[in-house]
Each structure stands twice: as C-alpha cells, then as structure tokens.
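Source file: protein18.tsv. Holds: TSV, C-alpha atoms.
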chain	number	residue	atom	x	y	z
A	1	MET	CA	-29.16	-9.03	6.75
A	2	PRO	CA	-27.25	-5.78	7.32
A	3	ASP	CA	-29.15	-2.90	8.80
A	4	LEU	CA	-28.85	-0.22	6.13
A	5	ALA	CA	-30.52	2.55	8.12
A	6	LEU	CA	-28.80	5.71	6.94
A	7	LYS	CA	-29.38	7.54	10.20
A	8	LYS	CA	-27.08	5.05	11.98
A	9	VAL	CA	-24.13	5.78	9.70
A	10	THR	CA	-21.53	7.83	11.57
A	11	TRP	CA	-19.90	11.01	10.32
A	12	ARG	CA	-16.64	9.09	9.92
A	13	GLU	CA	-18.26	6.63	7.57
A	14	TRP	CA	-19.95	9.40	5.57
A	15	LEU	CA	-16.62	11.18	5.31
A	16	GLY	CA	-14.99	7.95	4.11
A	17	LEU	CA	-17.60	7.67	1.37
A	18	ALA	CA	-17.15	11.34	0.48
A	19	ALA	CA	-13.39	10.80	0.14
A	20	GLY	CA	-14.07	7.82	-2.10
A	21	LEU	CA	-16.48	9.81	-4.26
A	22	LEU	CA	-13.95	12.64	-4.51
A	23	ALA	CA	-11.44	10.05	-5.67
A	24	LEU	CA	-13.86	8.89	-8.37
A	25	VAL	CA	-14.32	12.46	-9.57
A	26	ALA	CA	-10.53	12.86	-9.68
A	27	LEU	CA	-10.36	9.95	-12.16
A	28	PHE	CA	-11.76	12.18	-14.89
A	29	LEU	CA	-9.90	15.41	-14.15
A	30	PRO	CA	-6.48	16.31	-15.57
A	31	TRP	CA	-3.91	14.12	-13.86
A	32	THR	CA	-0.77	14.82	-15.87
A	33	THR	CA	-0.11	18.00	-17.85
A	34	LEU	CA	2.55	19.22	-20.21
A	35	THR	CA	3.67	22.85	-19.90
A	36	ALA	CA	6.41	24.92	-21.48
A	37	SER	CA	8.24	27.98	-20.23
A	38	ARG	CA	8.97	29.32	-23.71
A	39	PRO	CA	6.02	31.09	-25.39
A	40	GLU	CA	6.59	29.56	-28.83
A	41	ILE	CA	6.55	26.03	-27.39
A	42	GLU	CA	3.47	26.88	-25.32
A	43	ASP	CA	1.73	28.02	-28.53
A	44	VAL	CA	2.59	24.69	-30.16
A	45	LEU	CA	1.16	22.82	-27.15
A	46	LYS	CA	-2.07	24.82	-27.49
A	47	THR	CA	-2.47	23.66	-31.09
A	48	LEU	CA	-2.22	19.99	-30.10
A	49	PRO	CA	-5.33	18.03	-29.12
A	50	ALA	CA	-6.14	18.40	-25.43
A	51	THR	CA	-5.69	14.66	-24.88
A	52	ASP	CA	-2.03	14.96	-25.97
A	53	VAL	CA	-1.32	17.76	-23.49
A	54	THR	CA	-3.32	16.59	-20.47
A	55	ARG	CA	-4.05	13.08	-19.28
A	56	ASP	CA	-6.70	11.87	-16.90
A	57	ALA	CA	-6.03	9.07	-14.42
A	58	TRP	CA	-7.12	6.40	-16.90
A	59	ARG	CA	-4.38	7.36	-19.32
A	60	SER	CA	-1.75	8.17	-16.69
A	61	GLY	CA	-1.17	4.56	-15.72
A	62	PHE	CA	-1.86	2.07	-12.96
A	63	LEU	CA	-0.41	4.28	-10.22
A	64	ALA	CA	-2.99	6.90	-11.10
A	65	TRP	CA	-6.28	5.00	-11.26
A	66	ALA	CA	-5.72	2.04	-8.92
A	67	PRO	CA	-5.30	4.07	-5.70
A	68	LEU	CA	-8.56	5.86	-6.39
A	69	PHE	CA	-10.46	2.58	-6.39
A	70	LEU	CA	-8.66	1.63	-3.17
A	71	LEU	CA	-10.29	4.71	-1.67
A	72	PHE	CA	-13.75	4.34	-3.14
A	73	LEU	CA	-14.47	0.67	-2.44
A	74	PRO	CA	-13.75	0.72	1.32
A	75	GLY	CA	-15.58	4.06	1.59
A	76	LEU	CA	-18.64	2.42	0.09
A	77	ALA	CA	-18.23	-0.68	2.27
A	78	VAL	CA	-18.08	1.26	5.53
A	79	VAL	CA	-21.30	3.11	4.71
A	80	LEU	CA	-23.09	-0.11	3.76
A	81	PHE	CA	-21.71	-2.41	6.45
A	82	GLY	CA	-20.07	-0.17	9.04
A	83	ARG	CA	-22.94	-0.46	11.50
A	84	VAL	CA	-23.13	-4.25	11.27
A	85	ASP	CA	-21.53	-5.22	14.56
A	86	ALA	CA	-20.11	-8.56	13.38
A	87	VAL	CA	-18.51	-7.00	10.30
A	88	ARG	CA	-17.18	-4.09	12.31
A	89	ARG	CA	-15.62	-6.35	14.95
A	90	ALA	CA	-14.21	-8.59	12.22
A	91	GLY	CA	-11.99	-5.70	11.17
A	92	LEU	CA	-13.75	-3.49	8.62
A	93	PRO	CA	-12.21	-0.29	10.08
A	94	HIS	CA	-8.77	-1.90	9.98
A	95	LEU	CA	-9.29	-3.00	6.39
A	96	TRP	CA	-10.38	0.53	5.53
A	97	LEU	CA	-7.27	1.98	7.18
A	98	MET	CA	-4.92	-0.40	5.40
A	99	ALA	CA	-6.57	0.26	2.02
A	100	ALA	CA	-6.36	4.03	2.56
A	101	ILE	CA	-2.69	3.83	3.58
A	102	GLY	CA	-1.98	1.61	0.57
A	103	ALA	CA	-3.73	4.08	-1.73
A	104	LEU	CA	-1.77	6.97	-0.26
A	105	LEU	CA	1.53	5.12	-0.71
A	106	LEU	CA	0.66	4.23	-4.31
A	107	MET	CA	-0.19	7.87	-5.00
A	108	VAL	CA	3.12	9.04	-3.57
A	109	LEU	CA	4.91	6.43	-5.67
A	110	GLY	CA	2.96	7.59	-8.73
A	111	TRP	CA	3.91	11.17	-7.98
A	112	THR	CA	7.61	10.35	-7.72
A	113	THR	CA	7.51	8.32	-10.94
A	114	LEU	CA	5.41	10.90	-12.78
A	115	ASP	CA	7.60	11.07	-15.87
A	116	TRP	CA	7.80	7.28	-16.24
A	117	GLN	CA	4.54	7.29	-18.16
A	118	PHE	CA	6.69	8.54	-21.04
A	119	ASP	CA	9.51	6.39	-22.38
A	120	ALA	CA	13.13	7.57	-22.32
A	121	ASP	CA	13.03	8.90	-25.90
A	122	GLN	CA	9.87	10.90	-25.25
A	123	ARG	CA	11.30	12.32	-22.02
A	124	GLY	CA	14.44	13.35	-23.91
A	125	ILE	CA	12.45	15.09	-26.63
A	126	LEU	CA	10.21	16.84	-24.10
A	127	SER	CA	13.21	17.95	-22.07
A	128	ALA	CA	15.09	19.23	-25.14
A	129	ALA	CA	12.02	21.23	-26.19
A	130	GLY	CA	11.70	22.76	-22.71
A	131	ILE	CA	8.44	20.97	-21.97
A	132	GLU	CA	7.82	20.02	-18.35
A	133	ILE	CA	5.71	17.13	-17.15
A	134	GLY	CA	3.50	18.43	-14.37
A	135	THR	CA	0.61	17.47	-12.17
A	136	GLY	CA	-3.02	18.31	-12.75
A	137	LEU	CA	-5.94	19.07	-10.47
A	138	GLY	CA	-7.02	15.42	-10.35
A	139	ARG	CA	-3.76	14.35	-8.75
A	140	TYR	CA	-4.15	16.95	-5.98
A	141	LEU	CA	-7.79	16.03	-5.33
A	142	GLY	CA	-6.88	12.36	-5.23
A	143	LEU	CA	-4.18	13.10	-2.69
A	144	VAL	CA	-6.61	15.11	-0.56
A	145	ALA	CA	-9.11	12.25	-0.72
A	146	ALA	CA	-6.41	9.77	0.36
A	147	VAL	CA	-5.25	11.88	3.30
A	148	VAL	CA	-8.84	12.44	4.47
A	149	SER	CA	-9.58	8.74	4.18
A	150	VAL	CA	-6.46	7.77	6.15
A	151	VAL	CA	-7.23	10.23	8.95
A	152	VAL	CA	-10.90	9.27	9.23
A	153	ALA	CA	-10.14	5.54	9.02
A	154	PHE	CA	-7.58	5.96	11.81
A	155	LEU	CA	-10.21	7.71	13.94
A	156	ASP	CA	-12.67	4.90	13.19
A	157	VAL	CA	-10.14	2.26	14.27
A	158	ARG	CA	-9.63	4.19	17.50
A	159	ARG	CA	-13.39	4.35	18.00
A	160	LEU	CA	-13.70	0.59	17.43
A	161	ARG	CA	-11.00	0.04	20.04
A	162	ALA	CA	-12.93	2.18	22.53
A	163	GLU	CA	-16.17	0.32	21.68
A	164	THR	CA	-14.61	-3.09	22.28
A	165	ARG	CA	-13.10	-1.96	25.59
A	166	THR	CA	-16.48	-0.83	26.94
A	167	ARG	CA	-18.09	-4.18	26.01
A	168	ARG	CA	-15.68	-6.25	28.10
A	169	PRO	CA	-17.01	-7.39	31.49

Render the structure in this file as structure tokens.
Amino acid sequence: MPDLALKKVTWREWLGLAAGLLALVALFLPWTTLTASRPEIEDVLKTLPATDVTRDAWRSGFLAWAPLFLLFLPGLAVVLFGRVDAVRRAGLPHLWLMAAIGALLLMVLGWTTLDWQFDADQRGILSAAGIEIGTGLGRYLGLVAAVVSVVVAFLDVRRLRAETRTRRP
C-alpha cells in the first residue's frame, strides 16, 4: 500500500502536479483566436458567436488537448506514488520526464500546424479577408506548464540518480 503522507511529497512533485493542474485549466481557455487588422472585418468578427472566433483546446484538435493530459496524469502520479521507493526506482521520474518531453514536442508541433485546424478553403477565405489565425492564452499557459514539468522532471531524475548512488555499498 503506497504511503500517501502529504508531508513526504517533495517540492518537485508538488510542482509537477501544479504544472498538470495548470495544463487542465488551459484546456478551457482560448487556444486559437481569429483576429483582423482591418476595422470593418474586426467588427464583423465581433458580431459572430464567441465560439466561432475563439476555440478552446477541445475544439482546436488532438495536438491541443492531448499534450495537456500528458502533463496532468504523470503530475498526479508523482504526487500519489513518488515516495513509494519501489515505484520510484522502477522509473517513475523517467516516465514523468518522457511524458513531459512528449507533451512539449506535441505542443510545438501543434503550434507549427496551427492553421491546419482549418481546411484549405477556409484558410483561403480567412486569408483573403485579412483574418489571421492566432494563439490564445491557453496555448501559452499550456506551454509554460510543459516547460515547468520538463525542468522539474529532469531535476527529479537527477535526484533519483543521486539517491541510487548513495544506496550502493
């Protein structure tokens, strides 16, 4: 039975959970936005329903919502099982690091393919109208959560390495 004493959870593990929770919050914030440089087009965008002009991660595609779960689930796992010695030595910090790196890479891929959530005809119409496809606050917060998770997971892997070296006879 894992020892779930909260006072034994390290700051790295708490920070991993915090990054995962930030990623969950980012799911519901604007992820993709449409903006226009011309005032008349901007006025038209303002008359449209908000869901047509901004999209949260759920409606921005797989490369938006999947990385956020790759951050949350390991963050939760390290808080729940990070102090269980057998689980820790079996590679939980390494799993956390790989999941965080994978999430970060998926987010970067999602950022570079931002306009692919619209088909070619839609992109052509948006471009002709002077409407730009941009990023929202959720995308930035998700990226911050991913970077924090990668850094803290890396530090946890280093700490595990130091722990295993001190145990050797």

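Interatomic distance, atom CA of Trp11 of chain A to atom CA of Leu68 of chain A: 20.8 Å.
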
Long-range neighbours of Pro74 of chain A as a PyMOL selection string, 9 Å cut-off, all atoms listed in the file, 3 positions minimum in chain: chain A and resi 16-17+20+69-71+77-79+92-93+95-97+99-100

Closest contacts (segment 69-109 of chain A/segment 120-143 of chain A, max 9 Å, only C-alpha atoms) as a Markdown table:
| residue | atom | partner | partner_atom | distance |
| --- | --- | --- | --- | --- |
| A:Leu104 | CA | A:Leu143 | CA | 7.0 |
| A:Met107 | CA | A:Leu143 | CA | 7.0 |
| A:Val108 | CA | A:Leu143 | CA | 8.4 |

Would you mind telling me which residue in A:Leu105, A:Thr51, A:Lys46, A:Gly91 lies nearest to Asp156 of chain A when using all atoms listed in the file?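 Smallest distance to Asp156 of chain A is found for A:Gly91.
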
So, with all atoms listed in the file as the atoms that count, which of A:Trp65, A:Phe154, A:Phe118, A:Trp58 lies closest to Glu13 of chain A?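 Counting all atoms listed in the file, the residue closest to Glu13 of chain A is A:Phe154.
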
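Nearest residue to Arg59 of chain A among A:Ser149, A:Ser37, A:Gln117, A:Thr112 is A:Gln117, counting only C-alpha atoms.
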
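Computed from the coordinates, the atom CA of Leu160 of chain A to atom CA of Arg88 of chain A distance equals 7.8 Å.
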
Check the smallest atom-to-atom distance from each of A:Val152, A:Leu73, A:Gly102, A:Ala50 to Leu21 of chain A using all atoms listed in the file, then report the winner.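 Ranking A:Val152, A:Leu73, A:Gly102, A:Ala50 by distance to Leu21 of chain A, first place goes to A:Leu73.
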
Just the number, please: distance in Å from atom CA of Thr113 of chain A to atom CA of Phe62 of chain A, one decimal.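 So the two atoms, atom CA of Thr113 of chain A and atom CA of Phe62 of chain A, lie 11.4 Å apart.
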
Produce the centre coordinates and the three edge lengths, each in Å to one decimal, of the box along x, y and z that contains all listed atoms of segment 122-130 of chain A with 4 Å added on each side, as JSON.
{"center_x": 12.5, "center_y": 16.8, "center_z": -24.3, "size_x": 13.2, "size_y": 19.9, "size_z": 12.6}

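Residue nearest Val157 of chain A within the list A:Gly61, A:Gly82, A:Pro30, A:Gly110: A:Gly82 [criterion: smallest interatomic distance, all atoms listed in the file].
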
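For the choices A:Ala64, A:Val144, A:Leu76, A:Val150, the atom-to-atom distance to Trp111 of chain A is smallest for A:Ala64 when using only C-alpha atoms.
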